[in-house]
file protein05.cif (mmCIF, C-alpha atoms)
data_query
#
loop_
_atom_site.label_atom_id
_atom_site.label_comp_id
_atom_site.auth_asym_id
_atom_site.auth_seq_id
_atom_site.Cartn_x
_atom_site.Cartn_y
_atom_site.Cartn_z
CA MET A 1 23.07 0.95 -13.35
CA LEU A 2 19.84 0.24 -11.45
CA LYS A 3 18.42 -1.69 -14.41
CA LYS A 4 21.55 -3.85 -14.51
CA CYS A 5 21.23 -4.50 -10.75
CA PHE A 6 17.58 -5.58 -11.19
CA PHE A 7 18.36 -8.23 -13.79
CA THR A 8 21.46 -9.49 -11.95
CA ILE A 9 19.42 -10.13 -8.80
CA MET A 10 16.62 -11.75 -10.81
CA LEU A 11 19.09 -14.19 -12.39
CA GLN A 12 20.69 -15.05 -9.05
CA LEU A 13 17.35 -15.69 -7.36
CA THR A 14 16.09 -17.80 -10.25
CA ILE A 15 19.08 -20.06 -9.73
CA VAL A 16 18.48 -20.16 -5.97
CA ASN A 17 14.82 -21.07 -6.47
CA ALA A 18 15.72 -23.88 -8.83
CA MET A 19 18.06 -25.33 -6.19
CA ALA A 20 15.63 -24.99 -3.26
CA GLU A 21 14.29 -28.17 -1.72
CA GLU A 22 10.56 -28.73 -1.72
CA ASN A 23 10.15 -28.66 2.07
CA SER A 24 12.76 -26.04 2.79
CA PRO A 25 12.25 -23.71 5.78
CA TYR A 26 13.23 -20.90 3.41
CA THR A 27 10.40 -19.58 1.21
CA TRP A 28 11.24 -17.21 -1.62
CA SER A 29 8.55 -15.07 -3.25
CA ASN A 30 9.81 -12.78 -5.97
CA ALA A 31 8.03 -10.61 -8.51
CA LEU A 32 8.68 -7.95 -11.11
CA THR A 33 5.98 -5.44 -12.06
CA LEU A 34 6.37 -3.49 -15.30
CA GLU A 35 3.99 -0.60 -15.97
CA SER A 36 3.29 1.99 -18.63
CA VAL A 37 0.87 4.87 -17.91
CA THR A 38 -0.25 7.33 -20.61
CA ASN A 39 -2.09 10.55 -19.88
CA LEU A 40 -4.38 10.98 -22.89
CA LYS A 41 -5.86 14.38 -22.05
CA GLY A 42 -6.12 17.00 -19.33
CA GLY A 43 -4.00 17.20 -16.21
CA ILE A 44 -0.57 18.82 -16.54
CA THR A 45 0.52 17.46 -19.91
CA GLU A 46 -0.02 14.51 -22.22
CA GLY A 47 2.61 11.80 -22.34
CA THR A 48 3.75 8.40 -21.11
CA ARG A 49 5.66 7.22 -18.05
CA ASN A 50 7.21 3.75 -17.66
CA LEU A 51 7.91 2.16 -14.28
CA ALA A 52 9.35 -1.01 -12.78
CA ASN A 53 8.89 -2.48 -9.30
CA LEU A 54 10.95 -5.38 -7.97
CA ASP A 55 9.88 -7.36 -4.89
CA LEU A 56 12.29 -9.94 -3.45
CA THR A 57 11.13 -11.64 -0.25
CA LEU A 58 12.40 -14.44 1.95
CA ALA A 59 10.37 -15.99 4.79
CA ILE A 60 12.22 -18.20 7.27
CA ASP A 61 10.49 -20.70 9.54
CA THR A 62 12.75 -20.61 12.60
CA GLN A 63 11.27 -23.80 14.01
CA ALA A 64 12.14 -25.72 10.85
CA THR A 65 15.69 -24.37 11.03
CA ASN A 66 15.92 -25.37 14.74
CA TRP A 67 16.65 -21.76 15.68
CA SER A 68 13.55 -21.20 17.85
CA ASN A 69 10.03 -22.56 18.10
CA ASN A 70 7.00 -20.67 16.75
CA GLY A 71 9.00 -17.94 15.05
CA ASN A 72 9.23 -16.39 11.59
CA ILE A 73 11.76 -14.05 10.02
CA PHE A 74 10.80 -11.95 6.99
CA ILE A 75 13.23 -10.14 4.68
CA TYR A 76 12.03 -7.90 1.84
CA ILE A 77 14.18 -6.14 -0.76
CA LEU A 78 12.39 -3.45 -2.79
CA GLY A 79 13.54 -1.86 -6.03
CA ASN A 80 11.87 0.86 -8.08
CA TYR A 81 12.68 2.58 -11.33
CA GLY A 82 10.90 5.13 -13.53
CA LYS A 83 9.30 8.57 -13.58
CA ALA A 84 6.03 9.52 -11.89
CA PRO A 85 2.80 9.37 -13.93
CA SER A 86 1.41 12.01 -11.55
CA ASP A 87 3.80 14.50 -13.17
CA LEU A 88 1.54 14.14 -16.21
CA THR A 89 -1.95 13.64 -14.74
CA GLY A 90 -1.44 15.98 -11.78
CA ASP A 91 -3.38 13.70 -9.42
CA LEU A 92 -2.88 13.91 -5.66
CA GLN A 93 -4.05 10.37 -4.86
CA THR A 94 -1.48 8.73 -7.19
CA ILE A 95 -2.95 6.40 -9.83
CA SER A 96 0.19 4.23 -9.82
CA ASN A 97 0.82 2.56 -6.46
CA ILE A 98 4.40 1.73 -7.49
CA GLN A 99 5.25 5.38 -8.14
CA THR A 100 8.20 6.50 -6.01
CA ASP A 101 11.85 7.56 -6.22
CA ASN A 102 14.37 5.31 -7.95
CA HIS A 103 16.00 3.06 -5.38
CA LEU A 104 17.00 -0.43 -4.30
CA LYS A 105 16.61 -0.92 -0.54
CA LEU A 106 15.96 -3.21 2.37
CA TYR A 107 12.25 -2.56 2.82
CA GLU A 108 11.26 -4.95 5.62
CA LEU A 109 13.19 -7.01 8.16
CA TRP A 110 11.24 -8.35 11.11
CA TYR A 111 10.81 -11.26 13.49
CA GLU A 112 7.40 -12.52 14.62
CA HIS A 113 6.82 -14.94 17.49
CA SER A 114 3.57 -16.82 18.06
CA PHE A 115 2.04 -17.72 21.42
CA ALA A 116 -1.05 -19.67 22.51
CA ASN A 117 -1.23 -21.75 19.33
CA GLY A 118 -1.16 -18.67 17.11
CA ALA A 119 -3.80 -16.67 18.99
CA VAL A 120 -1.18 -14.11 20.07
CA ASN A 121 1.58 -12.86 17.77
CA LEU A 122 4.30 -10.33 18.57
CA LEU A 123 6.29 -8.74 15.73
CA ALA A 124 9.28 -6.39 15.89
CA GLY A 125 11.50 -4.85 13.24
CA LEU A 126 11.38 -2.83 10.03
CA HIS A 127 7.72 -3.28 9.02
CA ASP A 128 5.10 -1.92 6.62
CA TYR A 129 2.08 -0.66 8.61
CA ASN A 130 -0.16 -1.07 5.56
CA SER A 131 0.72 -4.77 5.18
CA THR A 132 -1.63 -5.53 8.07
CA PHE A 133 -3.63 -2.33 8.77
CA TYR A 134 -6.25 -0.75 6.44
CA THR A 135 -6.23 -3.66 3.98
CA LEU A 136 -8.98 -5.17 1.83
CA GLU A 137 -8.32 -8.08 -0.51
CA SER A 138 -10.83 -7.02 -3.17
CA ALA A 139 -9.52 -3.43 -3.26
CA GLY A 140 -6.08 -4.85 -4.03
CA LEU A 141 -7.05 -5.24 -7.70
CA PHE A 142 -6.85 -1.50 -8.27
CA THR A 143 -3.64 0.44 -8.86
CA THR A 144 -4.71 3.82 -7.47
CA SER A 145 -2.87 4.22 -4.16
CA SER A 146 -5.97 5.28 -2.21
CA PHE A 147 -7.48 1.80 -2.59
CA GLY A 148 -4.46 0.39 -0.76
CA ILE A 149 -4.50 2.90 2.09
CA GLY A 150 -6.63 6.01 2.42
CA PRO A 151 -4.88 9.31 1.59
CA GLU A 152 -6.12 10.80 4.86
CA VAL A 153 -3.64 8.46 6.60
CA ALA A 154 -0.96 8.42 3.91
CA GLN A 155 -0.63 12.23 4.02
CA VAL A 156 1.07 12.12 7.44
CA GLY A 157 3.85 9.82 6.18
CA PRO A 158 3.52 6.63 8.28
CA SER A 159 5.54 3.44 7.75
CA ILE A 160 4.22 2.55 4.29
CA PHE A 161 5.48 2.20 0.69
CA ALA A 162 8.12 3.16 -0.17
CA THR A 163 9.85 3.90 3.19
CA THR A 164 9.26 1.88 6.33
CA ALA A 165 10.10 2.44 9.99
CA VAL A 166 11.00 0.26 12.93
CA GLY A 167 7.93 -0.83 14.85
CA VAL A 168 6.34 -3.33 17.21
CA GLN A 169 3.00 -5.00 16.46
CA LEU A 170 0.77 -7.18 18.63
CA THR A 171 -1.90 -9.29 16.95
CA LEU A 172 -4.70 -11.06 18.83
CA VAL A 173 -6.70 -13.54 16.76
CA GLY A 174 -10.05 -15.15 17.53
CA GLU A 175 -12.27 -17.42 15.47
CA HIS A 176 -13.87 -14.57 13.50
CA GLN A 177 -12.29 -11.42 14.93
CA TYR A 178 -8.90 -9.84 15.45
CA LEU A 179 -7.20 -6.92 17.17
CA LEU A 180 -4.06 -5.16 15.90
CA LEU A 181 -1.98 -2.84 18.09
CA ALA A 182 1.21 -1.23 16.80
CA THR A 183 3.67 1.59 17.34
CA TYR A 184 6.27 2.84 14.85
CA ASP A 185 8.97 5.46 14.70
CA GLY A 186 7.05 8.59 13.68
CA ILE A 187 9.34 9.59 10.79
CA PRO A 188 10.34 6.63 8.57
CA GLY A 189 13.88 6.62 7.18
CA ASP A 190 15.88 9.83 6.89
CA PRO A 191 14.04 12.57 4.93
CA GLU A 192 17.36 14.28 4.20
CA HIS A 193 18.63 11.08 2.50
CA PRO A 194 15.64 9.49 0.75
CA HIS A 195 17.59 6.82 -1.13
CA GLY A 196 18.49 3.51 0.51
CA THR A 197 17.52 2.18 3.92
CA HIS A 198 18.00 4.42 6.94
CA ILE A 199 17.05 3.75 10.55
CA LYS A 200 17.33 6.98 12.48
CA PHE A 201 15.70 7.87 15.80
CA LYS A 202 15.21 11.46 16.94
CA GLN A 203 13.08 12.81 19.75
CA SER A 204 11.25 15.03 17.25
CA ASP A 205 10.25 11.91 15.25
CA GLY A 206 7.65 11.05 17.86
CA LEU A 207 5.60 7.89 17.33
CA PHE A 208 2.91 6.63 14.99
CA ASN A 209 0.48 4.54 17.09
CA ALA A 210 -2.28 2.45 15.53
CA ILE A 211 -5.14 0.17 16.48
CA GLU A 212 -7.57 -1.86 14.36
CA TRP A 213 -10.35 -4.21 15.41
CA GLY A 214 -12.23 -6.28 12.91
CA ILE A 215 -14.49 -9.23 12.24
CA LYS A 216 -13.97 -11.44 9.23
CA ASN A 217 -14.74 -14.69 7.50
CA GLU A 218 -12.08 -15.65 4.99
CA HIS A 219 -14.58 -16.60 2.29
CA SER A 220 -17.38 -14.14 3.00
CA TYR A 221 -16.70 -10.77 4.62
CA LYS A 222 -14.42 -8.40 6.52
CA PHE A 223 -15.39 -5.28 8.49
CA ALA A 224 -12.97 -3.23 10.57
CA ILE A 225 -12.57 0.04 12.44
CA GLY A 226 -9.18 1.61 13.04
CA ALA A 227 -7.58 4.70 14.55
CA TRP A 228 -4.13 6.29 14.59
CA HIS A 229 -2.20 9.00 16.41
CA HIS A 230 0.95 10.73 15.17
CA SER A 231 3.21 12.65 17.59
CA ALA A 232 6.03 13.70 15.24
CA GLU A 233 6.99 17.38 15.23
CA VAL A 234 5.94 18.47 11.73
CA GLU A 235 4.72 21.62 10.06
CA ASN A 236 0.95 22.01 10.15
CA PRO A 237 -0.16 22.48 6.50
CA VAL A 238 -3.10 24.59 7.66
CA ASP A 239 -1.40 27.33 9.71
CA GLY A 240 2.33 26.63 9.24
CA ASN A 241 2.99 26.06 12.95
CA ILE A 242 4.86 23.07 14.34
CA SER A 243 2.45 20.43 15.61
CA ASP A 244 3.21 17.22 17.54
CA SER A 245 -0.28 15.72 17.80
CA ASN A 246 -2.33 14.44 14.88
CA SER A 247 -4.98 11.75 14.69
CA GLY A 248 -7.69 10.10 12.66
CA PHE A 249 -9.92 7.04 12.26
CA TYR A 250 -11.34 4.85 9.49
CA PHE A 251 -13.92 2.19 8.64
CA ILE A 252 -13.33 -0.46 5.98
CA GLY A 253 -15.26 -3.48 4.78
CA GLU A 254 -15.84 -5.94 1.98
CA LYS A 255 -18.53 -8.54 1.29
CA ASN A 256 -18.73 -11.42 -1.16
CA ILE A 257 -22.18 -10.98 -2.72
CA ASN A 258 -21.79 -14.39 -4.35
CA ASN A 259 -18.88 -16.58 -5.43
CA ARG A 260 -17.96 -14.12 -8.22
CA LEU A 261 -19.02 -10.63 -7.09
CA THR A 262 -17.44 -8.68 -4.21
CA ALA A 263 -18.14 -5.13 -3.01
CA PHE A 264 -15.96 -2.97 -0.73
CA PHE A 265 -15.93 0.41 0.99
CA GLN A 266 -13.42 2.66 2.79
CA TYR A 267 -14.11 5.78 4.85
CA GLY A 268 -11.57 7.77 6.84
CA ARG A 269 -11.28 11.08 8.62
CA ALA A 270 -8.30 13.07 9.88
CA ASP A 271 -8.12 16.10 12.17
CA ALA A 272 -9.29 18.95 9.93
CA SER A 273 -7.23 21.53 11.83
CA LYS A 274 -3.97 19.59 11.30
CA ASN A 275 -4.24 18.21 7.76
CA GLN A 276 -4.92 19.17 4.16
CA LEU A 277 -7.23 16.19 3.66
CA ALA A 278 -10.04 15.89 6.19
CA SER A 279 -11.85 12.87 4.76
CA TYR A 280 -11.73 10.12 2.18
CA LEU A 281 -14.34 7.80 0.68
CA GLY A 282 -13.63 4.77 -1.48
CA ILE A 283 -16.14 2.29 -2.89
CA GLY A 284 -15.95 -0.39 -5.55
CA PHE A 285 -16.71 -3.89 -6.73
CA THR A 286 -14.92 -6.74 -8.47
CA LEU A 287 -16.23 -9.58 -10.63
CA ASN A 288 -14.24 -12.78 -11.13
CA ASN A 289 -14.09 -15.42 -13.89
CA ILE A 290 -15.47 -13.21 -16.65
CA TRP A 291 -13.98 -14.66 -19.82
CA PHE A 292 -11.14 -16.79 -18.46
CA GLU A 293 -10.48 -18.72 -15.27
CA GLU A 294 -9.35 -16.37 -12.48
CA ASP A 295 -9.59 -13.17 -14.53
CA THR A 296 -11.07 -10.16 -12.67
CA ILE A 297 -12.71 -6.89 -13.66
CA GLY A 298 -13.50 -4.07 -11.25
CA LEU A 299 -14.77 -0.52 -11.00
CA ALA A 300 -13.86 1.73 -8.06
CA TYR A 301 -14.28 5.35 -6.99
CA ALA A 302 -12.00 7.34 -4.67
CA SER A 303 -12.82 10.80 -3.33
CA ALA A 304 -10.38 12.86 -1.23
CA GLN A 305 -11.75 16.00 0.46
CA ASN A 306 -9.79 19.07 1.53
CA SER A 307 -10.46 20.33 5.04
CA SER A 308 -12.35 23.58 5.51
CA PRO A 309 -9.50 25.23 7.50
CA PHE A 310 -7.04 24.32 4.72
CA LEU A 311 -9.33 25.74 2.05
CA SER A 312 -9.77 28.96 4.01
CA VAL A 313 -6.05 29.72 3.58
CA ASN A 314 -5.79 28.17 0.09
CA THR A 315 -8.70 29.86 -1.61
CA ASP A 316 -7.49 28.97 -5.10
CA LEU A 317 -7.99 25.23 -4.50
CA LEU A 318 -11.12 23.17 -5.03
CA SER A 319 -12.75 21.05 -2.33
CA HIS A 320 -12.07 17.56 -3.67
CA GLU A 321 -10.34 15.22 -6.10
CA ASN A 322 -12.24 12.21 -7.45
CA ILE A 323 -10.76 9.24 -9.31
CA LEU A 324 -12.74 6.58 -11.13
CA GLU A 325 -10.74 3.46 -12.07
CA LEU A 326 -11.85 0.61 -14.32
CA SER A 327 -9.39 -2.28 -14.20
CA TYR A 328 -9.11 -5.74 -15.75
CA LEU A 329 -6.59 -8.41 -14.67
CA CYS A 330 -5.99 -11.61 -16.61
CA PRO A 331 -3.52 -14.43 -15.87
CA VAL A 332 -1.52 -15.36 -18.97
CA THR A 333 0.48 -18.22 -17.46
CA SER A 334 0.97 -19.54 -13.93
CA SER A 335 3.64 -16.87 -13.37
CA VAL A 336 2.61 -13.99 -15.65
CA SER A 337 -0.47 -11.75 -15.46
CA MET A 338 -1.50 -8.69 -17.45
CA GLN A 339 -3.60 -5.77 -16.23
CA ALA A 340 -5.20 -2.86 -18.08
CA SER A 341 -6.69 0.17 -16.32
CA LEU A 342 -8.59 3.31 -17.30
CA TYR A 343 -8.57 6.37 -15.04
CA ALA A 344 -10.88 9.39 -15.03
CA ILE A 345 -9.53 12.09 -12.68
CA ASP A 346 -11.86 14.89 -11.60
CA ASN A 347 -10.13 18.04 -10.28
CA PRO A 348 -6.51 16.77 -10.31
CA SER A 349 -4.78 17.92 -7.08
CA MET A 350 -7.88 20.07 -6.42
CA SER A 351 -6.39 22.63 -8.79
CA SER A 352 -8.73 25.05 -10.55
CA GLU A 353 -6.07 25.47 -13.25
CA LEU A 354 -5.98 21.82 -14.38
CA ASP A 355 -8.53 20.19 -16.64
CA ASP A 356 -9.94 16.81 -15.71
CA ALA A 357 -7.53 14.06 -16.79
CA PHE A 358 -8.08 10.77 -18.57
CA ALA A 359 -5.33 8.14 -18.51
CA VAL A 360 -4.70 4.51 -19.41
CA GLY A 361 -2.32 2.07 -17.76
CA LEU A 362 -0.91 -1.33 -18.68
CA ARG A 363 0.91 -3.67 -16.26
CA ALA A 364 2.71 -6.98 -16.45
CA TYR A 365 3.21 -9.02 -13.27
CA ILE A 366 5.99 -11.59 -13.48
CA GLU A 367 6.64 -14.06 -10.65
CA PHE A 368 9.91 -15.94 -10.57
#

call {"tool": "encode", "arguments": {"input": "protein05.cif", "output": "structure tokens"}}
result
Amino acid sequence: MLKKCFFTIMLQLTIVNAMAEENSPYTWSNALTLESVTNLKGGITEGTRNLANLDLTLAIDTQATNWSNNGNIFIYILGNYGKAPSDLTGDLQTISNIQTDNHLKLYELWYEHSFANGAVNLLAGLHDYNSTFYTLESAGLFTTSSFGIGPEVAQVGPSIFATTAVGVQLTLVGEHQYLLLATYDGIPGDPEHPHGTHIKFKQSDGLFNAIEWGIKNEHSYKFAIGAWHHSAEVENPVDGNISDSNSGFYFIGEKNINNRLTAFFQYGRADASKNQLASYLGIGFTLNNIWFEEDTIGLAYASAQNSSPFLSVNTDLLSHENILELSYLCPVTSSVSMQASLYAIDNPSMSSELDDAFAVGLRAYIEF
């Protein structure tokens, strides 16, 4: 049924795009990602998992529609289908960043208003925290989830893929620096009903507050420092008690070494007494225009570390999980790209009972 829904929506939007006027205030951006991941050895078991991810977005320029000046509305429908590759590899950091439950949902719906010629922007609505915070363009090549957002943040369940929360974000922009401030409902969606879109506020949800300051040059570098605080009432994975205060910080950066080579790093820490993962380190590089125009190859390493307090009560677990990903992306046409990835997973899920895993992934990106 979900497959049928995917292709029906794709057909409808293809027709809409064909009818859209060139200077329309309505901007569609739609994509289908198809993926196959095979665990070749180690982990839990050998085998293959196939996944699909559908992204349907509409951006509306409210000034062009004569609704209001300096405003933008964004609508994002997300669909996912398939079984989790991590059920085979056993990895904690998730080598497929489109791995989630099967669903079709309203993922984002927000309004942003600009002030002072774009130097100040205020956004409110259903919003993905990771679409603006903790992001590096060069790390976006890789499919392991940690290169999108560090697992030391993701483990607390903020407003990220695949369930978002209502939030408010303030962005201040200078010539080469920026400041992000945001607050979100502390528990996205409704954990008791994971399918579909749910907006539910409870006092025990608390808030997820975030700040990030950075300096950047669009064609050269980006360096940023961020911090977060989570006040939801959740079970502490270390001692089993209910906690309503959790926090952490991170550093991220990327630098274009030349017009083809880019290097990046990520480092984050979370409160060791409140979390399983106390720290994360990610590093990598990408190289463009290898054999074809706009193709990219990259190698990246992600290491997630268990906290000492967590290990003291989980003595059967190992201290870390490391993932090495080698990935190659090649455009086939203006609207189709192919990507192949190799994954070496050291200590999957920090389990002493699982052998190191080796997996291969193949993706097709289709824009329409």

call {"tool": "resolve_selection", "arguments": {"input": "protein05.cif", "expression": "the PyMOL selection byres ((chain A and resi 260) around 6)", "output": "ChimeraX atom specification"}}
result
/A:258-259,261,287-288

call {"tool": "residues_around", "arguments": {"input": "protein05.cif", "residues": "stretch 52-57 of chain A", "least_positions_apart": "3", "cutoff": "7 Å", "atoms": "all atoms listed in the file", "output": "ChimeraX atom specification"}}
result
/A:28-35,75-82,98

call {"tool": "residues_around", "arguments": {"input": "protein05.cif", "residues": "stretch 153-166 of chain A", "least_positions_apart": "4", "cutoff": "8 Å", "atoms": "only C-alpha atoms", "output": "mmCIF file with C-alpha atoms, in the frame of the given file"}}
result
data_model
loop_
_atom_site.group_PDB
_atom_site.id
_atom_site.type_symbol
_atom_site.label_atom_id
_atom_site.label_comp_id
_atom_site.auth_asym_id
_atom_site.auth_seq_id
_atom_site.Cartn_x
_atom_site.Cartn_y
_atom_site.Cartn_z
ATOM 1 C CA THR A 100 8.200 6.500 -6.010
ATOM 2 C CA TYR A 107 12.250 -2.560 2.820
ATOM 3 C CA GLU A 108 11.260 -4.950 5.620
ATOM 4 C CA ALA A 124 9.280 -6.390 15.890
ATOM 5 C CA GLY A 125 11.500 -4.850 13.240
ATOM 6 C CA LEU A 126 11.380 -2.830 10.030
ATOM 7 C CA HIS A 127 7.720 -3.280 9.020
ATOM 8 C CA ASP A 128 5.100 -1.920 6.620
ATOM 9 C CA TYR A 129 2.080 -0.660 8.610
ATOM 10 C CA ASN A 130 -0.160 -1.070 5.560
ATOM 11 C CA ILE A 149 -4.500 2.900 2.090
ATOM 12 C CA TYR A 184 6.270 2.840 14.850
ATOM 13 C CA ASP A 185 8.970 5.460 14.700
ATOM 14 C CA GLY A 186 7.050 8.590 13.680
ATOM 15 C CA ILE A 187 9.340 9.590 10.790
ATOM 16 C CA PRO A 188 10.340 6.630 8.570
ATOM 17 C CA GLY A 189 13.880 6.620 7.180
ATOM 18 C CA THR A 197 17.520 2.180 3.920
ATOM 19 C CA ILE A 199 17.050 3.750 10.550
ATOM 20 C CA PHE A 208 2.910 6.630 14.990
ATOM 21 C CA HIS A 230 0.950 10.730 15.170
ATOM 22 C CA GLY A 248 -7.690 10.100 12.660
ATOM 23 C CA GLY A 268 -11.570 7.770 6.840
ATOM 24 C CA ALA A 270 -8.300 13.070 9.880
ATOM 25 C CA ASN A 275 -4.240 18.210 7.760
ATOM 26 C CA LEU A 277 -7.230 16.190 3.660
#

call {"tool": "resolve_selection", "arguments": {"input": "protein05.cif", "expression": "the PyMOL selection byres ((chain A and resi 278) around 10)", "output": "list in words"}}
result
Pro151, Glu152, Val153, Gly248, Gly268, Arg269, Ala270, Asp271, Ala272, Ser273, Lys274, Asn275, Gln276, Leu277, Ser279, Tyr280, Ala304, Gln305, Asn306, Ser307, Ser308, Pro309 and Phe310 of chain A

call {"tool": "closest_residue", "arguments": {"input": "protein05.cif", "among": "A:Phe292, A:Tyr221, A:Tyr178, A:Phe201", "to": "A:Thr262", "atoms": "only C-alpha atoms"}}
result
A:Tyr221
